[in-house]
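As provided, data-v1.cif (mmCIF, C-alpha atoms) reads as follows.
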data_my_file
#
loop_
_atom_site.group_PDB
_atom_site.id
_atom_site.type_symbol
_atom_site.label_atom_id
_atom_site.label_comp_id
_atom_site.auth_asym_id
_atom_site.auth_seq_id
_atom_site.Cartn_x
_atom_site.Cartn_y
_atom_site.Cartn_z
ATOM 1 C CA HIS A 283 12.796 -47.203 -58.150
ATOM 2 C CA PRO A 284 12.784 -43.607 -59.469
ATOM 3 C CA VAL A 285 9.465 -44.045 -61.278
ATOM 4 C CA LEU A 286 7.789 -45.322 -58.089
ATOM 5 C CA GLN A 287 9.044 -42.351 -56.079
ATOM 6 C CA VAL A 288 7.646 -39.927 -58.625
ATOM 7 C CA TRP A 289 4.305 -41.722 -58.527
ATOM 8 C CA ARG A 290 4.115 -41.491 -54.745
ATOM 9 C CA HIS A 291 4.958 -37.795 -54.884
ATOM 10 C CA LEU A 292 2.159 -37.200 -57.372
ATOM 11 C CA LEU A 293 -0.284 -39.052 -55.103
ATOM 12 C CA LYS A 294 0.627 -36.789 -52.174
ATOM 13 C CA ILE A 295 0.067 -33.721 -54.332
ATOM 14 C CA CYS A 296 -3.348 -34.997 -55.410
ATOM 15 C CA ASP A 297 -4.317 -35.714 -51.806
ATOM 16 C CA SER A 298 -3.284 -32.222 -50.738
ATOM 17 C CA LEU A 299 -5.250 -30.671 -53.572
ATOM 18 C CA SER A 300 -8.335 -32.718 -52.745
ATOM 19 C CA GLN A 301 -8.202 -31.701 -49.062
ATOM 20 C CA LEU A 302 -10.010 -28.518 -47.877
ATOM 21 C CA ALA A 303 -8.005 -25.809 -46.129
ATOM 22 C CA ALA A 304 -8.554 -25.509 -42.373
ATOM 23 C CA PRO A 305 -10.121 -22.448 -40.683
ATOM 24 C CA ARG A 306 -7.625 -19.690 -39.924
ATOM 25 C CA HIS A 307 -6.753 -17.728 -36.765
ATOM 26 C CA PRO A 308 -9.108 -19.393 -34.292
ATOM 27 C CA LYS A 309 -9.393 -17.723 -30.875
ATOM 28 C CA ILE A 310 -11.394 -18.147 -27.691
ATOM 29 C CA ARG A 311 -13.145 -15.343 -25.826
ATOM 30 C CA LEU A 312 -13.697 -15.951 -22.114
ATOM 31 C CA TYR A 313 -15.556 -13.016 -20.508
ATOM 32 C CA ASN A 314 -17.479 -13.599 -17.294
ATOM 33 C CA LEU A 315 -19.588 -16.642 -18.196
ATOM 34 C CA GLU A 316 -19.191 -16.219 -21.950
ATOM 35 C CA GLN A 317 -17.253 -18.880 -23.875
ATOM 36 C CA VAL A 318 -17.077 -18.031 -27.574
ATOM 37 C CA LEU A 319 -14.896 -19.603 -30.289
ATOM 38 C CA SER A 320 -14.335 -17.546 -33.446
ATOM 39 C CA TRP A 321 -12.209 -17.978 -36.573
ATOM 40 C CA GLU A 322 -11.626 -16.784 -40.111
ATOM 41 C CA SER A 323 -12.694 -18.546 -43.309
ATOM 42 C CA PRO A 324 -10.088 -20.679 -45.122
ATOM 43 C CA SER A 325 -8.665 -19.762 -48.484
ATOM 44 C CA PRO A 326 -11.406 -19.564 -51.163
ATOM 45 C CA VAL A 327 -12.012 -22.513 -53.437
ATOM 46 C CA ASN A 328 -13.560 -22.804 -56.883
ATOM 47 C CA ASP A 329 -16.893 -24.060 -55.631
ATOM 48 C CA THR A 330 -20.290 -22.382 -55.383
ATOM 49 C CA ARG A 331 -21.333 -24.383 -52.353
ATOM 50 C CA PRO A 332 -20.892 -22.705 -48.941
ATOM 51 C CA VAL A 333 -18.204 -23.859 -46.543
ATOM 52 C CA VAL A 334 -19.599 -25.115 -43.230
ATOM 53 C CA TYR A 335 -17.846 -25.610 -39.905
ATOM 54 C CA SER A 336 -18.059 -28.019 -36.994
ATOM 55 C CA ALA A 337 -16.636 -27.602 -33.489
ATOM 56 C CA GLU A 338 -16.110 -30.157 -30.747
ATOM 57 C CA ALA A 339 -15.138 -29.906 -27.098
ATOM 58 C CA ASP A 340 -13.010 -32.167 -24.937
ATOM 59 C CA ASP A 341 -13.437 -31.951 -21.196
ATOM 60 C CA GLY A 342 -12.507 -35.583 -20.667
ATOM 61 C CA GLN A 343 -13.542 -36.940 -24.052
ATOM 62 C CA TRP A 344 -14.349 -35.451 -27.424
ATOM 63 C CA HIS A 345 -18.018 -34.777 -28.073
ATOM 64 C CA GLY A 346 -20.032 -32.495 -30.270
ATOM 65 C CA LEU A 347 -21.923 -29.510 -28.911
ATOM 66 C CA GLU A 348 -25.089 -30.004 -30.969
ATOM 67 C CA ALA A 349 -27.027 -31.266 -27.927
ATOM 68 C CA VAL A 350 -27.044 -27.809 -26.323
ATOM 69 C CA VAL A 351 -25.664 -25.377 -28.916
ATOM 70 C CA ASN A 352 -25.638 -25.379 -32.697
ATOM 71 C CA CYS A 353 -21.947 -25.704 -33.561
ATOM 72 C CA THR A 354 -22.153 -28.493 -36.168
ATOM 73 C CA GLN A 355 -22.090 -27.708 -39.897
ATOM 74 C CA ILE A 356 -22.765 -24.007 -39.432
ATOM 75 C CA THR A 357 -21.958 -21.281 -41.943
ATOM 76 C CA ALA A 358 -21.122 -18.645 -39.308
ATOM 77 C CA THR A 359 -17.520 -18.139 -38.264
ATOM 78 C CA GLU A 360 -18.372 -18.062 -34.576
ATOM 79 C CA CYS A 361 -19.662 -20.583 -32.057
ATOM 80 C CA ASP A 362 -21.033 -19.520 -28.670
ATOM 81 C CA PHE A 363 -20.789 -22.587 -26.446
ATOM 82 C CA THR A 364 -21.636 -20.776 -23.159
ATOM 83 C CA ALA A 365 -24.837 -22.795 -22.803
ATOM 84 C CA ALA A 366 -22.909 -26.043 -23.113
ATOM 85 C CA GLY A 367 -22.038 -25.786 -19.436
ATOM 86 C CA LEU A 368 -18.442 -26.859 -19.866
ATOM 87 C CA SER A 369 -16.492 -27.328 -16.671
ATOM 88 C CA LYS A 370 -15.162 -24.114 -15.131
ATOM 89 C CA GLY A 371 -12.477 -25.764 -13.029
ATOM 90 C CA PHE A 372 -11.025 -28.413 -15.379
ATOM 91 C CA ASN A 373 -9.105 -28.430 -18.635
ATOM 92 C CA VAL A 374 -11.224 -27.860 -21.737
ATOM 93 C CA THR A 375 -9.957 -28.236 -25.299
ATOM 94 C CA LEU A 376 -11.783 -27.189 -28.457
ATOM 95 C CA ARG A 377 -11.177 -28.252 -32.035
ATOM 96 C CA LEU A 378 -12.577 -27.020 -35.299
ATOM 97 C CA ARG A 379 -12.696 -28.053 -38.960
ATOM 98 C CA ALA A 380 -14.188 -26.908 -42.261
ATOM 99 C CA GLU A 381 -16.415 -28.989 -44.577
ATOM 100 C CA LEU A 382 -17.382 -28.566 -48.223
ATOM 101 C CA GLY A 383 -19.429 -31.443 -49.588
ATOM 102 C CA GLU A 384 -17.224 -34.535 -49.397
ATOM 103 C CA LEU A 385 -14.153 -32.415 -48.661
ATOM 104 C CA VAL A 386 -13.138 -31.859 -45.059
ATOM 105 C CA SER A 387 -10.217 -30.006 -43.576
ATOM 106 C CA ALA A 388 -7.884 -31.177 -40.886
ATOM 107 C CA TRP A 389 -8.917 -30.515 -37.299
ATOM 108 C CA VAL A 390 -7.533 -27.316 -35.767
ATOM 109 C CA THR A 391 -7.033 -27.972 -32.070
ATOM 110 C CA MET A 392 -6.955 -25.041 -29.639
ATOM 111 C CA PRO A 393 -4.706 -24.996 -26.557
ATOM 112 C CA TRP A 394 -6.564 -26.165 -23.459
ATOM 113 C CA PHE A 395 -7.947 -23.600 -21.041
ATOM 114 C CA GLN A 396 -9.428 -23.453 -17.569
ATOM 115 C CA HIS A 397 -12.228 -20.950 -17.234
ATOM 116 C CA TYR A 398 -11.368 -19.798 -13.708
ATOM 117 C CA ARG A 399 -7.712 -19.486 -14.690
ATOM 118 C CA ASN A 400 -8.115 -17.659 -18.018
ATOM 119 C CA VAL A 401 -11.390 -15.738 -17.740
ATOM 120 C CA THR A 402 -11.560 -11.954 -18.095
ATOM 121 C CA VAL A 403 -13.591 -10.684 -15.124
ATOM 122 C CA GLY A 404 -15.827 -7.702 -15.780
ATOM 123 C CA PRO A 405 -16.800 -4.990 -13.284
ATOM 124 C CA PRO A 406 -19.509 -5.622 -10.667
ATOM 125 C CA LYS A 407 -22.941 -5.924 -12.231
ATOM 126 C CA HIS A 408 -24.642 -3.455 -9.883
ATOM 127 C CA ILE A 409 -23.232 -0.843 -7.495
ATOM 128 C CA MET A 410 -25.456 1.043 -5.048
ATOM 129 C CA VAL A 411 -24.032 3.789 -2.820
ATOM 130 C CA THR A 412 -25.887 5.256 0.174
ATOM 131 C CA PRO A 413 -24.419 8.436 1.758
ATOM 132 C CA ARG A 414 -24.631 8.606 5.542
ATOM 133 C CA GLU A 415 -23.093 10.653 8.347
ATOM 134 C CA GLY A 416 -19.436 10.823 7.282
ATOM 135 C CA THR A 417 -19.801 7.432 5.602
ATOM 136 C CA LEU A 418 -20.558 5.914 2.207
ATOM 137 C CA VAL A 419 -22.248 2.502 2.292
ATOM 138 C CA ILE A 420 -21.557 0.512 -0.888
ATOM 139 C CA THR A 421 -23.557 -2.532 -1.969
ATOM 140 C CA VAL A 422 -22.221 -4.551 -4.906
ATOM 141 C CA SER A 423 -23.356 -7.603 -6.849
ATOM 142 C CA PRO A 424 -20.908 -10.015 -8.559
ATOM 143 C CA PRO A 425 -20.186 -9.826 -12.300
ATOM 144 C CA PHE A 426 -21.571 -13.370 -12.710
ATOM 145 C CA GLU A 427 -22.761 -16.234 -10.558
ATOM 146 C CA VAL A 428 -20.261 -18.872 -9.435
ATOM 147 C CA ASP A 429 -20.385 -22.037 -7.386
ATOM 148 C CA THR A 430 -19.165 -20.753 -4.008
ATOM 149 C CA SER A 431 -17.604 -24.130 -3.300
ATOM 150 C CA GLU A 432 -15.293 -23.548 -6.277
ATOM 151 C CA ALA A 433 -14.747 -19.783 -6.393
ATOM 152 C CA THR A 434 -15.661 -16.529 -4.659
ATOM 153 C CA PHE A 435 -15.388 -12.817 -5.398
ATOM 154 C CA LEU A 436 -13.287 -10.252 -3.571
ATOM 155 C CA TYR A 437 -14.108 -6.541 -3.862
ATOM 156 C CA THR A 438 -11.773 -3.569 -3.746
ATOM 157 C CA VAL A 439 -12.842 0.097 -3.694
ATOM 158 C CA TYR A 440 -10.593 2.876 -4.979
ATOM 159 C CA TYR A 441 -11.831 6.284 -3.818
ATOM 160 C CA GLU A 442 -10.624 9.861 -3.541
ATOM 161 C CA GLU A 443 -11.872 13.311 -2.664
ATOM 162 C CA LYS A 444 -12.135 15.564 -5.722
ATOM 163 C CA PRO A 445 -10.294 13.470 -8.325
ATOM 164 C CA GLY A 446 -6.759 14.608 -8.981
ATOM 165 C CA MET A 447 -6.478 16.621 -5.754
ATOM 166 C CA LYS A 448 -5.200 13.832 -3.508
ATOM 167 C CA GLN A 449 -3.846 10.327 -3.857
ATOM 168 C CA ALA A 450 -6.574 7.708 -4.174
ATOM 169 C CA ARG A 451 -7.250 5.513 -1.160
ATOM 170 C CA VAL A 452 -7.983 1.786 -1.245
ATOM 171 C CA LYS A 453 -10.434 -0.300 0.784
ATOM 172 C CA GLY A 454 -10.157 -4.065 0.325
ATOM 173 C CA PRO A 455 -10.025 -6.687 -0.962
ATOM 174 C CA LEU A 456 -13.105 -7.746 0.994
ATOM 175 C CA GLN A 457 -15.307 -10.803 0.557
ATOM 176 C CA SER A 458 -18.435 -9.010 1.813
ATOM 177 C CA ASN A 459 -20.890 -7.435 -0.614
ATOM 178 C CA PHE A 460 -21.333 -4.519 1.817
ATOM 179 C CA ILE A 461 -18.435 -2.082 2.082
ATOM 180 C CA PHE A 462 -18.291 0.899 4.460
ATOM 181 C CA LEU A 463 -16.098 3.894 3.656
ATOM 182 C CA ASP A 464 -15.994 5.645 7.023
ATOM 183 C CA ASN A 465 -14.122 8.579 8.589
ATOM 184 C CA LEU A 466 -14.985 10.761 5.608
ATOM 185 C CA LYS A 467 -15.332 14.532 5.768
ATOM 186 C CA PRO A 468 -18.926 15.830 5.854
ATOM 187 C CA PHE A 469 -20.344 17.698 2.870
ATOM 188 C CA ARG A 470 -17.521 16.532 0.602
ATOM 189 C CA ILE A 471 -17.724 14.826 -2.793
ATOM 190 C CA TYR A 472 -15.952 11.482 -3.105
ATOM 191 C CA CYS A 473 -15.476 9.617 -6.373
ATOM 192 C CA LEU A 474 -14.973 5.858 -6.448
ATOM 193 C CA GLN A 475 -14.448 2.764 -8.600
ATOM 194 C CA VAL A 476 -15.027 -0.865 -7.627
ATOM 195 C CA GLU A 477 -13.111 -3.938 -8.778
ATOM 196 C CA ALA A 478 -14.309 -7.540 -8.475
ATOM 197 C CA GLN A 479 -11.569 -10.181 -8.317
ATOM 198 C CA LEU A 480 -12.264 -13.878 -8.849
ATOM 199 C CA PHE A 481 -10.605 -16.186 -6.305
ATOM 200 C CA TRP A 482 -10.314 -19.831 -7.399
ATOM 201 C CA ASN A 483 -10.381 -21.861 -4.204
ATOM 202 C CA ALA A 484 -8.741 -25.049 -5.524
ATOM 203 C CA GLN A 485 -5.696 -23.403 -7.119
ATOM 204 C CA LYS A 486 -5.548 -20.297 -4.882
ATOM 205 C CA ILE A 487 -5.525 -18.157 -8.032
ATOM 206 C CA ILE A 488 -6.880 -14.610 -8.160
ATOM 207 C CA ARG A 489 -8.081 -13.238 -11.486
ATOM 208 C CA PRO A 490 -8.088 -9.407 -11.512
ATOM 209 C CA GLY A 491 -11.247 -7.700 -12.707
ATOM 210 C CA GLN A 492 -12.091 -4.622 -14.695
ATOM 211 C CA LEU A 493 -12.831 -1.390 -12.832
ATOM 212 C CA SER A 494 -16.340 0.006 -12.810
ATOM 213 C CA ASN A 495 -17.121 3.443 -14.184
ATOM 214 C CA THR A 496 -16.251 6.340 -11.887
ATOM 215 C CA SER A 497 -19.193 7.636 -9.838
ATOM 216 C CA CYS A 498 -19.243 10.505 -7.319
ATOM 217 C CA TYR A 499 -21.301 11.027 -4.151
ATOM 218 C CA GLU A 500 -21.567 13.719 -1.464
ATOM 219 C CA THR A 501 -21.356 12.759 2.193
ATOM 220 C CA THR A 502 -23.852 14.049 4.757
ATOM 221 C CA ALA A 503 -23.053 15.724 8.088
ATOM 222 C CA ASP A 504 -22.194 13.847 11.258
ATOM 223 C CA ALA A 505 -23.583 14.839 14.678
ATOM 224 C CA HIS A 506 -20.750 17.267 15.450
ATOM 225 C CA ALA A 507 -21.008 18.923 12.057
ATOM 226 C CA LYS A 508 -24.781 19.263 12.417
ATOM 227 C CA GLN A 509 -24.346 20.951 15.817
ATOM 228 C CA GLN A 510 -21.813 23.366 14.383
ATOM 229 C CA GLN A 511 -24.150 24.087 11.481
ATOM 230 C CA VAL A 512 -27.051 24.907 13.830
ATOM 231 C CA ILE A 513 -24.855 27.165 15.951
ATOM 232 C CA GLY A 514 -23.516 28.919 12.863
ATOM 233 C CA ILE A 515 -27.016 29.546 11.501
ATOM 234 C CA SER A 516 -28.225 30.893 14.872
ATOM 235 C CA VAL A 517 -25.264 33.243 15.268
ATOM 236 C CA GLY A 518 -25.590 34.424 11.690
ATOM 237 C CA THR A 519 -29.312 35.148 12.131
ATOM 238 C CA LEU A 520 -28.677 37.096 15.350
ATOM 239 C CA LEU A 521 -25.924 39.188 13.777
ATOM 240 C CA SER A 522 -28.152 39.936 10.793
ATOM 241 C CA LEU A 523 -30.967 41.144 13.062
ATOM 242 C CA LEU A 524 -28.578 43.347 15.082
ATOM 243 C CA LEU A 525 -27.152 44.820 11.891
ATOM 244 C CA LEU A 526 -30.640 45.520 10.556
ATOM 245 C CA ALA A 527 -31.708 47.200 13.818
ATOM 246 C CA GLY A 528 -28.573 49.370 13.846
ATOM 247 C CA ALA A 529 -29.160 50.418 10.258
ATOM 248 C CA CYS A 530 -32.762 51.396 11.017
ATOM 249 C CA PHE A 531 -31.690 53.442 14.082
ATOM 250 C CA PHE A 532 -29.051 55.297 12.059
ATOM 251 C CA LEU A 533 -31.564 56.112 9.332
ATOM 252 C CA VAL A 534 -34.073 57.458 11.846
ATOM 253 C CA LEU A 535 -31.442 59.732 13.419
ATOM 254 C CA LYS A 536 -30.163 61.087 10.126
ATOM 255 C CA TYR A 537 -33.425 61.355 8.233
ATOM 256 C CA GLY A 538 -35.881 61.886 11.113
ATOM 257 C CA SER A 539 -37.402 65.066 9.709
ATOM 258 C CA VAL A 540 -37.892 63.481 6.327
ATOM 259 C CA VAL A 541 -39.498 60.437 7.898
ATOM 260 C CA LYS A 542 -41.748 62.665 10.006
ATOM 261 C CA TYR A 543 -42.762 64.620 6.911
ATOM 262 C CA LEU A 544 -43.508 61.473 4.987
ATOM 263 C CA PHE A 545 -45.634 60.040 7.774
ATOM 264 C CA ARG A 546 -47.455 63.311 8.769
ATOM 265 C CA THR A 547 -51.258 63.392 8.977
ATOM 266 C CA PRO A 548 -52.720 64.870 5.780
ATOM 267 C CA PRO A 549 -54.914 68.032 6.148
ATOM 268 C CA SER A 550 -58.621 67.388 6.632
ATOM 269 C CA ILE A 551 -61.423 68.913 4.566
ATOM 270 C CA PRO A 552 -63.738 71.328 6.474
ATOM 271 C CA ALA A 553 -67.001 69.752 7.500
ATOM 272 C CA GLN A 554 -69.134 72.178 5.414
ATOM 273 C CA ILE A 555 -67.179 71.444 2.223
ATOM 274 C CA GLU A 556 -67.347 67.764 2.922
ATOM 275 C CA GLU A 557 -71.153 68.054 3.338
ATOM 276 C CA TYR A 558 -71.353 70.085 0.135
ATOM 277 C CA LEU A 559 -69.367 67.490 -1.755
ATOM 278 C CA LYS A 560 -71.803 64.899 -0.528
ATOM 279 C CA ASP A 561 -74.847 67.100 -1.432
ATOM 280 C CA PRO A 562 -73.983 69.926 -3.903
ATOM 281 C CA VAL A 563 -77.550 71.382 -3.696
ATOM 282 C CA GLN A 564 -76.827 72.809 -0.237
ATOM 283 C CA PRO A 565 -76.275 76.662 -0.097
ATOM 284 C CA ILE A 566 -72.802 76.228 1.280
ATOM 285 C CA LEU A 567 -71.696 79.848 0.897
ATOM 286 C CA GLU A 568 -74.620 81.197 2.907
ATOM 287 C CA ALA A 569 -74.048 78.540 5.493
ATOM 288 C CA LEU A 570 -70.383 79.493 5.724
ATOM 289 C CA ASP A 571 -71.211 83.249 5.973
ATOM 290 C CA LYS A 572 -73.770 82.582 8.640
ATOM 291 C CA ASP A 573 -71.413 80.426 10.555
ATOM 292 C CA ILE A 574 -68.568 82.931 10.313
ATOM 293 C CA SER A 575 -70.784 85.904 11.268
ATOM 294 C CA GLN A 576 -72.009 84.016 14.288
ATOM 295 C CA LYS A 577 -68.478 83.335 15.397
ATOM 296 C CA ASP A 578 -66.723 86.640 14.517
ATOM 297 C CA ASP A 579 -69.413 89.462 14.656
ATOM 298 C CA THR A 580 -70.775 89.051 18.119
ATOM 299 C CA TRP A 581 -72.298 92.118 19.909
ATOM 300 C CA ASN A 582 -74.669 93.145 22.713
ATOM 301 C CA SER A 583 -77.855 95.205 22.324
ATOM 302 C CA VAL A 584 -77.903 98.612 24.228
ATOM 303 C CA SER A 585 -80.967 100.888 24.837
ATOM 304 C CA ILE A 586 -80.813 104.574 25.976
ATOM 305 C CA ILE A 587 -83.103 105.237 28.956
ATOM 306 C CA SER A 588 -82.457 108.953 29.690
ATOM 307 C CA PHE A 589 -80.098 111.840 28.949
ATOM 308 C CA PRO A 590 -79.128 114.904 31.031
ATOM 309 C CA GLU A 591 -80.805 118.068 29.787
ATOM 310 C CA LYS A 592 -77.733 119.587 28.272
ATOM 311 C CA GLU A 593 -76.649 116.418 26.528
ATOM 312 C CA ARG A 594 -80.200 115.959 25.280
ATOM 313 C CA GLU A 595 -80.105 119.334 23.587
ATOM 314 C CA ASP A 596 -76.768 118.537 22.001
ATOM 315 C CA VAL A 597 -78.051 115.263 20.717
ATOM 316 C CA LEU A 598 -81.127 116.878 19.281
#
Representation of the structure as structure tokens:
Amino acid sequence: HPVLQVWRHLLKICDSLSQLAAPRHPKIRLYNLEQVLSWESPSPVNDTRPVVYSAEADDGQWHGLEAVVNCTQITATECDFTAAGLSKGFNVTLRLRAELGELVSAWVTMPWFQHYRNVTVGPPKHIMVTPREGTLVITVSPPFEVDTSEATFLYTVYYEEKPGMKQARVKGPLQSNFIFLDNLKPFRIYCLQVEAQLFWNAQKIIRPGQLSNTSCYETTADAHAKQQQVIGISVGTLLSLLLLAGACFFLVLKYGSVVKYLFRTPPSIPAQIEEYLKDPVQPILEALDKDISQKDDTWNSVSIISFPEKEREDVL
């Protein structure tokens, strides 16, 4: 009957108007161990009461997350369910709805995910590099802890000498946390980045990881380089000494008289003047005259005993 059809249509419209809009654009963030569900608020309604949200997980059966995380009737538009300990190797499905008093929205169900399959793997947590003789020893720690019976990490090192000068070299992937970059040139700077890849044992799936920040290190000398360095220093020292000796000899030959003049013995003060300077009361001039007269005016005393007669008359 036409009237009955119209009535049913009006009932559907009333039901749709009485139902709350569902949250919009939900998305899941899987980074290392993080599992975060976020969304946007539904279309606004003419109500002063806040809209709250509830999320549930299904890893075999639907259950709320309130036992370990607060994701029931929350006002935030994000739910961090990392602490819920959801399975990393099995399918997990999340659903979400909005609530406003007696009004509830329809459930928004997310596509299922597997953490080991869909996770974004970050760079290694810690990287320690020890330079040795022509070698760099790298110690890395995983981005996050995993059950080794389910998954393991593989490490790859990308390194080059003076970035941009040569093509980067690759070492790995290796399962060991200790990586040796050997056969490197001594006293050279090498820059490197490390990637951690997650290997899921059950499915044989490898999830690539993000590269670490670039860090640079200088290698030390090996035994041969050290020997060459010692020989080079010895020869250089010997040549320097020979050059210095030759320069000194040339200077002595060319400027010998000047050197002799510069290093001559200065004139000494006469002893009398030195004594006078010590004791000015002394009659130094008389002492000098006496000393000089004794040295310069020396004579012998002569006495006349007799004269011949004629000479005696002349003398008289």
Item checked: Residues matched by the PyMOL selection byres ((chain A and resi 399-414) around 9) as number ranges by chain -> A: 311-316, 370-371, 395-398, 415-426, 437, 476-480, 482, 485, 487-495, 499-504
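Note that CA of Leu523 (chain A) and CA of Leu535 (chain A) are 18.6 Å apart.
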Notebook entry, point to check: What separation in Å, quoted to one decimal, exists between CA of Ser336 (chain A) and CA of Glu427 (chain A)?
Noted result: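 Distance between the two atoms: 29.3 Å.
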Next item on the list: Can you pull out every residue within 12 Å of Glu384 (chain A), counting all atoms listed in the file, but drop anything in the same chain fewer than 5 positions away, and send it as an MDAnalysis selection string?
Entry: chainID A and resid 300:302 331 333:334
Output C-alpha atoms of each residue in that selection to a file, as a PDB file, keeping the file's coordinate frame.
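In the end it all went to out14.pdb:
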ATOM      1  CA  SER A 300      -8.335 -32.718 -52.745  1.00  0.00           C
ATOM      2  CA  GLN A 301      -8.202 -31.701 -49.062  1.00  0.00           C
ATOM      3  CA  LEU A 302     -10.010 -28.518 -47.877  1.00  0.00           C
ATOM      4  CA  ARG A 331     -21.333 -24.383 -52.353  1.00  0.00           C
ATOM      5  CA  VAL A 333     -18.204 -23.859 -46.543  1.00  0.00           C
ATOM      6  CA  VAL A 334     -19.599 -25.115 -43.230  1.00  0.00           C
TER       7      VAL A 334
END
Item checked: Counting only C-alpha atoms, the option among A:Ser497, A:Thr434, A:Gln449, A:Gln317 closest to Gly367 (chain A) ->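 With only C-alpha atoms as the atom set, the closest residue is A:Gln317.
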Show which residues sit within 8 Å of Pro305 (chain A), as a PDB file with C-alpha atoms, in the coordinates of the input. Count only C-alpha atoms, and ignore same-chain residues fewer than 6 positions away.
ATOM      1  CA  TRP A 321     -12.209 -17.978 -36.573  1.00  0.00           C
ATOM      2  CA  GLU A 322     -11.626 -16.784 -40.111  1.00  0.00           C
ATOM      3  CA  SER A 323     -12.694 -18.546 -43.309  1.00  0.00           C
ATOM      4  CA  PRO A 324     -10.088 -20.679 -45.122  1.00  0.00           C
ATOM      5  CA  LEU A 378     -12.577 -27.020 -35.299  1.00  0.00           C
ATOM      6  CA  ARG A 379     -12.696 -28.053 -38.960  1.00  0.00           C
ATOM      7  CA  ALA A 380     -14.188 -26.908 -42.261  1.00  0.00           C
ATOM      8  CA  VAL A 390      -7.533 -27.316 -35.767  1.00  0.00           C
TER       9      VAL A 390
END
Notebook entry, point to check: Which value, in Å to one decimal, gives the distance between CA of Cys361 (chain A) and CA of Glu432 (chain A)?
Noted result: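 Distance reported for this atom pair: 26.3 Å.
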Check: Can you list, as a PyMOL selection string, every protein, DNA or RNA residue that comes within 10 Å of Thr430 (chain A) when you count all atoms listed in the file, leaving out same-chain residues fewer than 5 positions away?
Finding: chain A and resi 435+481-483
Notebook entry, point to check: Hey, which of A:Thr375, A:Gln475, A:Cys498, A:Pro468 ends up closest to Lys444 (chain A)? Count all atoms listed in the file.
Noted result: A:Cys498
Next item on the list: Point out the residue among A:Ala433, A:Leu382, A:Val374, A:Leu466 with the least atom-to-atom distance to Thr357 (chain A), counting all atoms listed in the file.
Entry: A:Leu382
Notebook entry, point to check: Which of these residues is nearest to Leu385 (chain A), using all atoms listed in the file: A:Asn459, A:Ala303, A:Ala365, A:Asp340?
Noted result: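 Smallest distance to Leu385 (chain A) is found for A:Ala303.
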Spatial neighbours of Lys309 (chain A), 9 Å, only C-alpha atoms, chain gap at least 5 places, as a compact mmCIF listing (two decimals) with C-alpha atoms, in the frame of the given file:
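Result went into around11.txt, see below:
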# COMPACT_ATOMS: atom_id res chain seq x y z
CA VAL A 318 -17.08 -18.03 -27.57
CA LEU A 319 -14.90 -19.60 -30.29
CA SER A 320 -14.34 -17.55 -33.45
CA TRP A 321 -12.21 -17.98 -36.57
CA MET A 392 -6.96 -25.04 -29.64
Item checked: For Ser369 (chain A), the nearest of the candidates A:Tyr335, A:Asp429, A:Arg470, A:Val452, counting only C-alpha atoms ->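 Closest to Ser369 (chain A), using only C-alpha atoms: A:Asp429.
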